[in-house]
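Data block below; observations after.
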Amino acid sequence: MSLTAAFQIGRSALSASSLALQVTGNNFANAATPGYSRQLVNLAGMGDARGGSFLLGRGVSVQGINRQIDIALQARHWAGLSAEANAGVDMQLLSQLESTLNELTDTDLSSEFGHFFDSWSSLANSPGHEGGRSLVVEQGRTLASSMRTLRSDLTAMRSGIDAQLGSTVQQADNMLTQIAELNGAILAAEGGGTGGDANNLRDQRDQLVAALSTLMDVSVVEQASGSIDVLVGSTPVVLGTTSRGLELQRVTNGDQIDVSVRVRADETEVEINSGAIAGYISQRDGAIQDTIDRLDTVASQLIYQVNRVHSAGRGPDAFTSMTGAFAVAPADQTRALNDPANTSFADLPFAPSNGGFLVTVTNAATGQSQTVRVNVDLDGLTNAGTQGYGDDTSVASLAADIDGIDNVSATLNADGTLNIQAAAGFTFEFAEDTSGALAALGVNTYFSGTDAADINVRQALVNNPRLLSHGSSVNGEFTDNGAALAMVGLRDRPVAALGGRSITESWLDAAQSVGSKADAAANRAQASSLVRQSLEAQTAAVSGVSIDEESINLLNYQRQYQGAARFISVIDQLTQELLAIV
């Protein structure tokens with residue numbers, strides 16, 4: 001080996017150790033920097049050169065400065081971040097939903113149901129008491145107000161989630177743009193994979209992917225050029241230096257708004273299964289919408305079941321006139337009530353059924369009465385026994401049947417409501433309605449509205465509590481607390497439309513379901529947090545800076561530098577001696 005070659009070996013050692021010391025110093029400087037990955041100098045011996053009959057080493061070279069990362073562990077860490085964010089959103093929203101329902105307090109909806117039915121029980125004990133009638137009306141108004149307020153709160157909660165969802169999707173879209181820009185910066189810095197790794201830029205990109213993972217589950221595919229493609233499921237959202245963008249799409253569907261996350265470039269719907277965005281969507285369309293739907297269902301059945309009892313009863317006085325509250329469109333007045341083409345009734349959350357009711361007409365002067373049964377044919381069969389609605393009861397035919405009773409007239413008003421009038425000196429009342437047709441048409445009802453959004457006590461009862469139906473006729477015998485007792489029975493009576501549960505049981509089930517989901521979400525959030533912490537610790541063990549290890553490296557590279565300097569000094573001395581001889 002020549003002295004010149006020895007100088008080159010010493011120079012390579014000085015250069016490599018100097019560079020290694022810089023990398024070690026940079027690791028020290030960034031030991032507490034979030035997202036920084038420890039960098040290692042990759043040293044390798046230079047190719048041998050022939051010296052006479054021997055192959056001699058030519059020193060050391062730096063093959064690269066590499067980040068210390070485990071790609072598989074990194075992907076698991078990102079998935080852990082998504083799962084934790086998803087569980088955190090679930091816990092937050094379900095806890096908020098549970099607080100909104102406010103069950104197990106004295107002001108919850110379950111308590112209001114109890115107060116409402118208790119007021120009917122008190123009236124049944126004293127049906128002639130004016131204060132009892134007023135109390136029933138006021139308790140009904142309080143219950144209706146509580147249901148409307150609760151639904152409004154739930155709707156506001158859903159709207160708040162929509163706003164948060166829009167902001168979060170916009171945040172994710174901005175991150176995609178930044179990732180695409182960093183891809184471009186990395187390509188420029190690395191020269192398409194030939195100029196070394198731009199480690200700091202790669203760390204910044206990984207931090208963005210980690211932050212993006214808290215919003216939605218993503219997978220990353222690194223290209224040979226050094227850029228990455230980002231996918232959500234099988235849908236690419238970043239391709240190299242191009243972000244395809246994300247947007248939140250809102251579509252009106254009836255009385256509610258459906259939301260979906262789509263790729264802005266081609267409006268492909270993105271299937272997000274984890275992360276904060278998935279949590280917002282799943283709870284918005286899941287627990288919150290389900291609670292609204294169950295509240296509406298309970299309210300609808302409360303309205304219908306109470307109205308069925310109320311419409312077939314009366315207060316101290318029989319009626320001389322009555323106008324239904326439900327308006328039937330002109331095109332539907334001659335269509336059967338159960339005809340799917342009858343849009344007026346098709347949108348109702350409740351519907352009349354096959355049956356009938358009694359109409360009793362009384363001469364006020366003599367007390368003589370006549371009772372006539374009005375049949376309501378809603379069996380979906382024609383008189384020939386075939387499927388069809390042509391022979392079933394319509395609003396027009398029902399009005400005609402009532403109009404055919406002596407001393408009573410029935411017509412349809414211009415707005416499509418049913419109007420019933422007794423002849424002068426006569427009164428009428430209803431009894432034993434097995435069809436629910438009177439309640440569906442809003443005849444002598446207690447509640448107005450169709451669900452929790454518009455439930456209220458009929459204004460005529462608020463103005464005059466004497467119109468409250470607390471009595472009813474059974475087998476021609478009038479009892480002044482019959483309707484009130486029937487109302488009390490609704491507290492525990494199974495309702496087919498509620499899955500065989502009573503009105504109060506159905507709501508308790510809904511509230512308990514929310515409580516169970518909130519507890520489960522809290523457990524999931526705790527478990528996912530532990531998993532994320534474990535993965536984070538494993539990632540830190542691989543990619544984090546260890547002061548102890550770097551201190552050892554510092555000593556090694558220092559000794560290497562000192563040794564190389566001493567080696568060069570010796571070679572220089574030998575060279576001088578050789579020149580002196582010459």
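Each chain in the structure tokens gets a letter, A, B, ..., in the order shown, and its residues are numbered from 1; ligands are numbered from 1 in order too.
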Using the chain letters and numbers from this document, which residues of region 223-460 of chain A does DSSP assign to alpha helix (DSSP H), as an mmCIF file with C-alpha atoms, in the first residue's frame?
```cif
data_model
loop_
_atom_site.group_PDB
_atom_site.id
_atom_site.type_symbol
_atom_site.label_atom_id
_atom_site.label_comp_id
_atom_site.auth_asym_id
_atom_site.auth_seq_id
_atom_site.Cartn_x
_atom_site.Cartn_y
_atom_site.Cartn_z
ATOM 1 C CA GLY A 275 -61.037 7.400 12.946
ATOM 2 C CA ALA A 276 -62.952 10.461 14.132
ATOM 3 C CA ILE A 277 -64.888 10.870 10.868
ATOM 4 C CA ALA A 278 -66.178 7.284 11.061
ATOM 5 C CA GLY A 279 -67.175 7.911 14.678
ATOM 6 C CA TYR A 280 -69.140 11.041 13.809
ATOM 7 C CA ILE A 281 -70.954 9.364 10.919
ATOM 8 C CA SER A 282 -71.694 6.120 12.778
ATOM 9 C CA GLN A 283 -73.139 7.867 15.836
ATOM 10 C CA GLN A 289 -80.769 8.963 14.636
ATOM 11 C CA ASP A 290 -82.010 5.740 16.225
ATOM 12 C CA THR A 291 -82.939 7.637 19.394
ATOM 13 C CA ILE A 292 -84.772 10.275 17.367
ATOM 14 C CA ASP A 293 -86.616 7.554 15.454
ATOM 15 C CA ARG A 294 -87.534 5.686 18.644
ATOM 16 C CA LEU A 295 -88.699 8.905 20.266
ATOM 17 C CA ASP A 296 -90.863 9.645 17.216
ATOM 18 C CA THR A 297 -92.249 6.098 17.267
ATOM 19 C CA VAL A 298 -93.110 6.303 20.963
ATOM 20 C CA ALA A 299 -94.664 9.742 20.465
ATOM 21 C CA SER A 300 -96.677 8.526 17.459
ATOM 22 C CA GLN A 301 -98.054 5.570 19.357
ATOM 23 C CA LEU A 302 -98.777 7.735 22.393
ATOM 24 C CA ILE A 303 -100.735 10.097 20.147
ATOM 25 C CA TYR A 304 -102.594 7.298 18.393
ATOM 26 C CA GLN A 305 -103.354 5.104 21.400
ATOM 27 C CA VAL A 306 -104.495 8.010 23.585
ATOM 28 C CA ASN A 307 -106.540 9.461 20.736
ATOM 29 C CA ARG A 308 -108.226 6.093 20.084
ATOM 30 C CA VAL A 309 -109.465 6.002 23.657
ATOM 31 C CA HIS A 310 -110.330 9.694 23.752
ATOM 32 C CA SER A 311 -112.210 9.789 20.438
ATOM 33 C CA THR A 343 -100.777 9.675 0.021
ATOM 34 C CA SER A 344 -102.658 11.505 2.783
ATOM 35 C CA PHE A 345 -102.637 8.391 4.958
ATOM 36 C CA ALA A 346 -99.530 6.681 3.567
ATOM 37 C CA VAL A 395 -113.181 9.245 3.890
ATOM 38 C CA ALA A 396 -116.015 10.059 1.486
ATOM 39 C CA SER A 397 -117.794 6.723 2.106
ATOM 40 C CA LEU A 398 -117.307 7.056 5.867
ATOM 41 C CA ALA A 399 -118.873 10.530 5.786
ATOM 42 C CA ALA A 400 -121.748 9.121 3.750
ATOM 43 C CA ASP A 401 -122.322 6.292 6.251
ATOM 44 C CA ILE A 402 -122.431 8.722 9.183
ATOM 45 C CA ASP A 403 -124.620 11.078 7.176
ATOM 46 C CA ALA A 437 -110.537 5.585 12.109
ATOM 47 C CA LEU A 438 -111.814 8.407 14.335
ATOM 48 C CA ALA A 439 -108.377 8.916 15.858
ATOM 49 C CA ALA A 440 -106.704 8.879 12.434
ATOM 50 C CA GLN A 459 -106.181 23.452 21.504
ATOM 51 C CA ALA A 460 -109.940 23.006 22.050
#
```
Name the residues of region 285-486 of chain A that come out as strand (DSSP E) in a backbone DSSP run; write them as a PyMOL selection string.
chain A and resi 313-314+321-323+355-363+369-376+408-412+418-422+426-431+447-448+456-457+471-474+477-479
What's around region 507-522 of chain A at 7 Å? Count only C-alpha atoms, leave out sequence neighbours fewer than 2 positions away in its own chain, and write the answer as a list in words.
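Residues meeting the cut-off are Ala87, Asp90, Met91, Leu94, Ser95, Glu98, Ser110, Thr291, Arg294, Val298, Ile503, Thr504, Glu505, Arg524, Ala525 and Gln526 of chain A.
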List the neighbours of Ser146 (chain A) out to 9 Å using only C-alpha atoms; skip same-chain residues closer than 4 positions along the sequence, and give me the result as a list of chain:residue names.
A:Asp108, A:Leu109, A:Glu112, A:Arg141, A:Thr142, A:Leu150, A:Arg151
Near region 198-214 of chain A, counting only C-alpha atoms, which residues have an atom at most 8 Å away, once you skip same-chain residues fewer than 6 positions from it, shown as a PDB file with N, CA and C atoms, in the first residue's frame?
```pdb
ATOM      1  N   GLY A  35     -42.347  13.378  16.577  1.00  0.00           N
ATOM      2  CA  GLY A  35     -42.342  12.849  15.223  1.00  0.00           C
ATOM      3  C   GLY A  35     -40.973  12.628  14.621  1.00  0.00           C
ATOM      4  N   TYR A  36     -39.924  12.989  15.357  1.00  0.00           N
ATOM      5  CA  TYR A  36     -38.573  12.809  14.816  1.00  0.00           C
ATOM      6  C   TYR A  36     -38.171  11.343  14.914  1.00  0.00           C
ATOM      7  N   SER A  37     -37.630  10.814  13.824  1.00  0.00           N
ATOM      8  CA  SER A  37     -37.139   9.441  13.804  1.00  0.00           C
ATOM      9  C   SER A  37     -35.621   9.455  13.903  1.00  0.00           C
ATOM     10  N   ASN A  66     -29.922   6.871   7.305  1.00  0.00           N
ATOM     11  CA  ASN A  66     -31.252   6.277   7.255  1.00  0.00           C
ATOM     12  C   ASN A  66     -32.028   6.534   8.545  1.00  0.00           C
ATOM     13  N   ARG A  67     -33.352   6.704   8.364  1.00  0.00           N
ATOM     14  CA  ARG A  67     -34.231   6.783   9.538  1.00  0.00           C
ATOM     15  C   ARG A  67     -34.415   5.390  10.121  1.00  0.00           C
ATOM     16  N   TRP A  78     -50.426   3.629  13.249  1.00  0.00           N
ATOM     17  CA  TRP A  78     -51.436   4.483  12.604  1.00  0.00           C
ATOM     18  C   TRP A  78     -52.835   3.898  12.771  1.00  0.00           C
ATOM     19  N   ALA A  79     -52.950   2.569  12.633  1.00  0.00           N
ATOM     20  CA  ALA A  79     -54.252   1.917  12.831  1.00  0.00           C
ATOM     21  C   ALA A  79     -54.717   2.090  14.279  1.00  0.00           C
ATOM     22  N   LEU A  81     -54.008   4.628  16.215  1.00  0.00           N
ATOM     23  CA  LEU A  81     -54.476   6.014  16.341  1.00  0.00           C
ATOM     24  C   LEU A  81     -55.907   6.153  15.821  1.00  0.00           C
ATOM     25  N   SER A  82     -56.188   5.502  14.690  1.00  0.00           N
ATOM     26  CA  SER A  82     -57.546   5.549  14.123  1.00  0.00           C
ATOM     27  C   SER A  82     -58.563   4.934  15.078  1.00  0.00           C
ATOM     28  N   ALA A  83     -58.211   3.771  15.629  1.00  0.00           N
ATOM     29  CA  ALA A  83     -59.139   3.078  16.529  1.00  0.00           C
ATOM     30  C   ALA A  83     -59.385   3.900  17.790  1.00  0.00           C
ATOM     31  N   GLU A  84     -58.326   4.508  18.333  1.00  0.00           N
ATOM     32  CA  GLU A  84     -58.493   5.308  19.550  1.00  0.00           C
ATOM     33  C   GLU A  84     -59.362   6.536  19.281  1.00  0.00           C
ATOM     34  N   ALA A  85     -59.127   7.210  18.160  1.00  0.00           N
ATOM     35  CA  ALA A  85     -59.926   8.392  17.822  1.00  0.00           C
ATOM     36  C   ALA A  85     -61.387   8.024  17.617  1.00  0.00           C
ATOM     37  N   ASN A  86     -61.612   6.891  16.942  1.00  0.00           N
ATOM     38  CA  ASN A  86     -62.979   6.428  16.712  1.00  0.00           C
ATOM     39  C   ASN A  86     -63.688   6.133  18.023  1.00  0.00           C
ATOM     40  N   ALA A 172     -59.098  17.002   7.002  1.00  0.00           N
ATOM     41  CA  ALA A 172     -58.489  15.857   6.327  1.00  0.00           C
ATOM     42  C   ALA A 172     -58.081  16.229   4.897  1.00  0.00           C
ATOM     43  N   MET A 175     -54.877  18.099   4.941  1.00  0.00           N
ATOM     44  CA  MET A 175     -53.747  17.198   5.194  1.00  0.00           C
ATOM     45  C   MET A 175     -53.343  16.457   3.927  1.00  0.00           C
ATOM     46  N   GLN A 178     -51.269  18.733   1.875  1.00  0.00           N
ATOM     47  CA  GLN A 178     -49.917  18.884   2.429  1.00  0.00           C
ATOM     48  C   GLN A 178     -49.069  17.642   2.156  1.00  0.00           C
ATOM     49  N   ILE A 179     -49.673  16.467   2.245  1.00  0.00           N
ATOM     50  CA  ILE A 179     -48.928  15.236   1.956  1.00  0.00           C
ATOM     51  C   ILE A 179     -48.478  15.219   0.495  1.00  0.00           C
ATOM     52  N   LEU A 182     -45.587  17.577   0.152  1.00  0.00           N
ATOM     53  CA  LEU A 182     -44.361  16.993   0.696  1.00  0.00           C
ATOM     54  C   LEU A 182     -43.805  15.920  -0.224  1.00  0.00           C
ATOM     55  N   ASN A 183     -44.699  15.163  -0.873  1.00  0.00           N
ATOM     56  CA  ASN A 183     -44.222  14.207  -1.876  1.00  0.00           C
ATOM     57  C   ASN A 183     -43.387  14.921  -2.933  1.00  0.00           C
ATOM     58  N   ALA A 185     -41.814  17.799  -2.612  1.00  0.00           N
ATOM     59  CA  ALA A 185     -40.581  18.307  -2.017  1.00  0.00           C
ATOM     60  C   ALA A 185     -39.565  17.180  -1.837  1.00  0.00           C
ATOM     61  N   ILE A 186     -40.032  16.000  -1.453  1.00  0.00           N
ATOM     62  CA  ILE A 186     -39.136  14.857  -1.262  1.00  0.00           C
ATOM     63  C   ILE A 186     -38.557  14.403  -2.595  1.00  0.00           C
ATOM     64  N   ALA A 189     -35.895  16.878  -3.487  1.00  0.00           N
ATOM     65  CA  ALA A 189     -34.705  16.796  -2.624  1.00  0.00           C
ATOM     66  C   ALA A 189     -33.913  15.530  -2.882  1.00  0.00           C
ATOM     67  N   GLU A 190     -34.608  14.429  -3.150  1.00  0.00           N
ATOM     68  CA  GLU A 190     -33.925  13.141  -3.301  1.00  0.00           C
ATOM     69  C   GLU A 190     -33.549  12.838  -4.740  1.00  0.00           C
ATOM     70  N   GLY A 275     -61.402   5.998  12.841  1.00  0.00           N
ATOM     71  CA  GLY A 275     -61.037   7.400  12.946  1.00  0.00           C
ATOM     72  C   GLY A 275     -62.214   8.255  13.388  1.00  0.00           C
ATOM     73  N   ALA A 276     -61.933   9.548  13.627  1.00  0.00           N
ATOM     74  CA  ALA A 276     -62.952  10.461  14.132  1.00  0.00           C
ATOM     75  C   ALA A 276     -64.119  10.614  13.158  1.00  0.00           C
TER      76      ALA A 276
END
```
Please list as a PyMOL selection string every residue within 7 Å of Val374 (chain A), counting only C-alpha atoms and excluding residues in the same chain fewer than 3 positions away.
chain A and resi 356-358+401
Create the file for the chosen residues now, containing all heavy atoms and written as an mmCIF file, in the first residue's frame.
```cif
data_model
loop_
_atom_site.group_PDB
_atom_site.id
_atom_site.type_symbol
_atom_site.label_atom_id
_atom_site.label_comp_id
_atom_site.auth_asym_id
_atom_site.auth_seq_id
_atom_site.Cartn_x
_atom_site.Cartn_y
_atom_site.Cartn_z
ATOM 1 N N GLY A 356 -114.757 -0.995 13.238
ATOM 2 C CA GLY A 356 -115.926 -0.123 13.202
ATOM 3 C C GLY A 356 -116.088 0.613 14.515
ATOM 4 O O GLY A 356 -115.302 0.442 15.455
ATOM 5 N N PHE A 357 -117.129 1.454 14.598
ATOM 6 C CA PHE A 357 -117.412 2.194 15.834
ATOM 7 C C PHE A 357 -118.909 2.438 15.929
ATOM 8 O O PHE A 357 -119.657 2.297 14.948
ATOM 9 C CB PHE A 357 -116.632 3.511 15.877
ATOM 10 C CG PHE A 357 -116.871 4.418 14.693
ATOM 11 C CD1 PHE A 357 -117.917 5.325 14.661
ATOM 12 C CD2 PHE A 357 -116.028 4.352 13.590
ATOM 13 C CE1 PHE A 357 -118.131 6.155 13.582
ATOM 14 C CE2 PHE A 357 -116.221 5.178 12.491
ATOM 15 C CZ PHE A 357 -117.286 6.084 12.483
ATOM 16 N N LEU A 358 -119.343 2.796 17.136
ATOM 17 C CA LEU A 358 -120.757 3.071 17.388
ATOM 18 C C LEU A 358 -120.997 4.565 17.448
ATOM 19 O O LEU A 358 -120.170 5.313 17.984
ATOM 20 C CB LEU A 358 -121.191 2.436 18.722
ATOM 21 C CG LEU A 358 -121.026 0.917 18.850
ATOM 22 C CD1 LEU A 358 -121.473 0.456 20.237
ATOM 23 C CD2 LEU A 358 -121.799 0.188 17.769
ATOM 24 N N ASP A 401 -121.712 7.224 5.299
ATOM 25 C CA ASP A 401 -122.322 6.292 6.251
ATOM 26 C C ASP A 401 -122.815 7.021 7.503
ATOM 27 O O ASP A 401 -123.897 6.731 8.022
ATOM 28 C CB ASP A 401 -121.303 5.219 6.661
ATOM 29 C CG ASP A 401 -120.991 4.248 5.521
ATOM 30 O OD1 ASP A 401 -121.800 4.197 4.568
ATOM 31 O OD2 ASP A 401 -119.956 3.563 5.595
#
```
So, with only C-alpha atoms as the atoms that count, which of A:Leu467, A:Leu418, A:Ala325, A:Leu176 lies closest to Gly442 (chain A)?
A:Ala325
Do you have the CA of Tyr557 (chain A)-CA of Ala20 (chain A) distance handy?
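So the answer is 6.6 Å.
Here CA of Ile568 (chain A) stands at a distance of 15.9 Å from CA of Gly57 (chain A).
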Have a look at A:Ala336, A:Ile228, A:Ala431, A:Leu555 and name the one nearest to Ala318 (chain A); count only C-alpha atoms.
A:Ala431
Between A:Gly240, A:Gly482, A:Gly45, A:Gly544, single out the one closest to Asn30 (chain A), counting only C-alpha atoms.
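Ranked by minimum distance to Asn30 (chain A), first place goes to A:Gly544.
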Please determine, counting only C-alpha atoms, which residue among A:Gly226, A:Gly324, A:Gly80, A:Gly59 has the shortest atom-to-atom distance to Leu14 (chain A).
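Once distances to Leu14 (chain A) are computed over only C-alpha atoms, the minimum belongs to A:Gly59.
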Here is a test: counting only C-alpha atoms, which residue of A:Gly449, A:Thr417, A:Gln170, A:Thr320 is nearest to Pro349 (chain A)?
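Under the stated criterion, the closest residue is A:Gly449.
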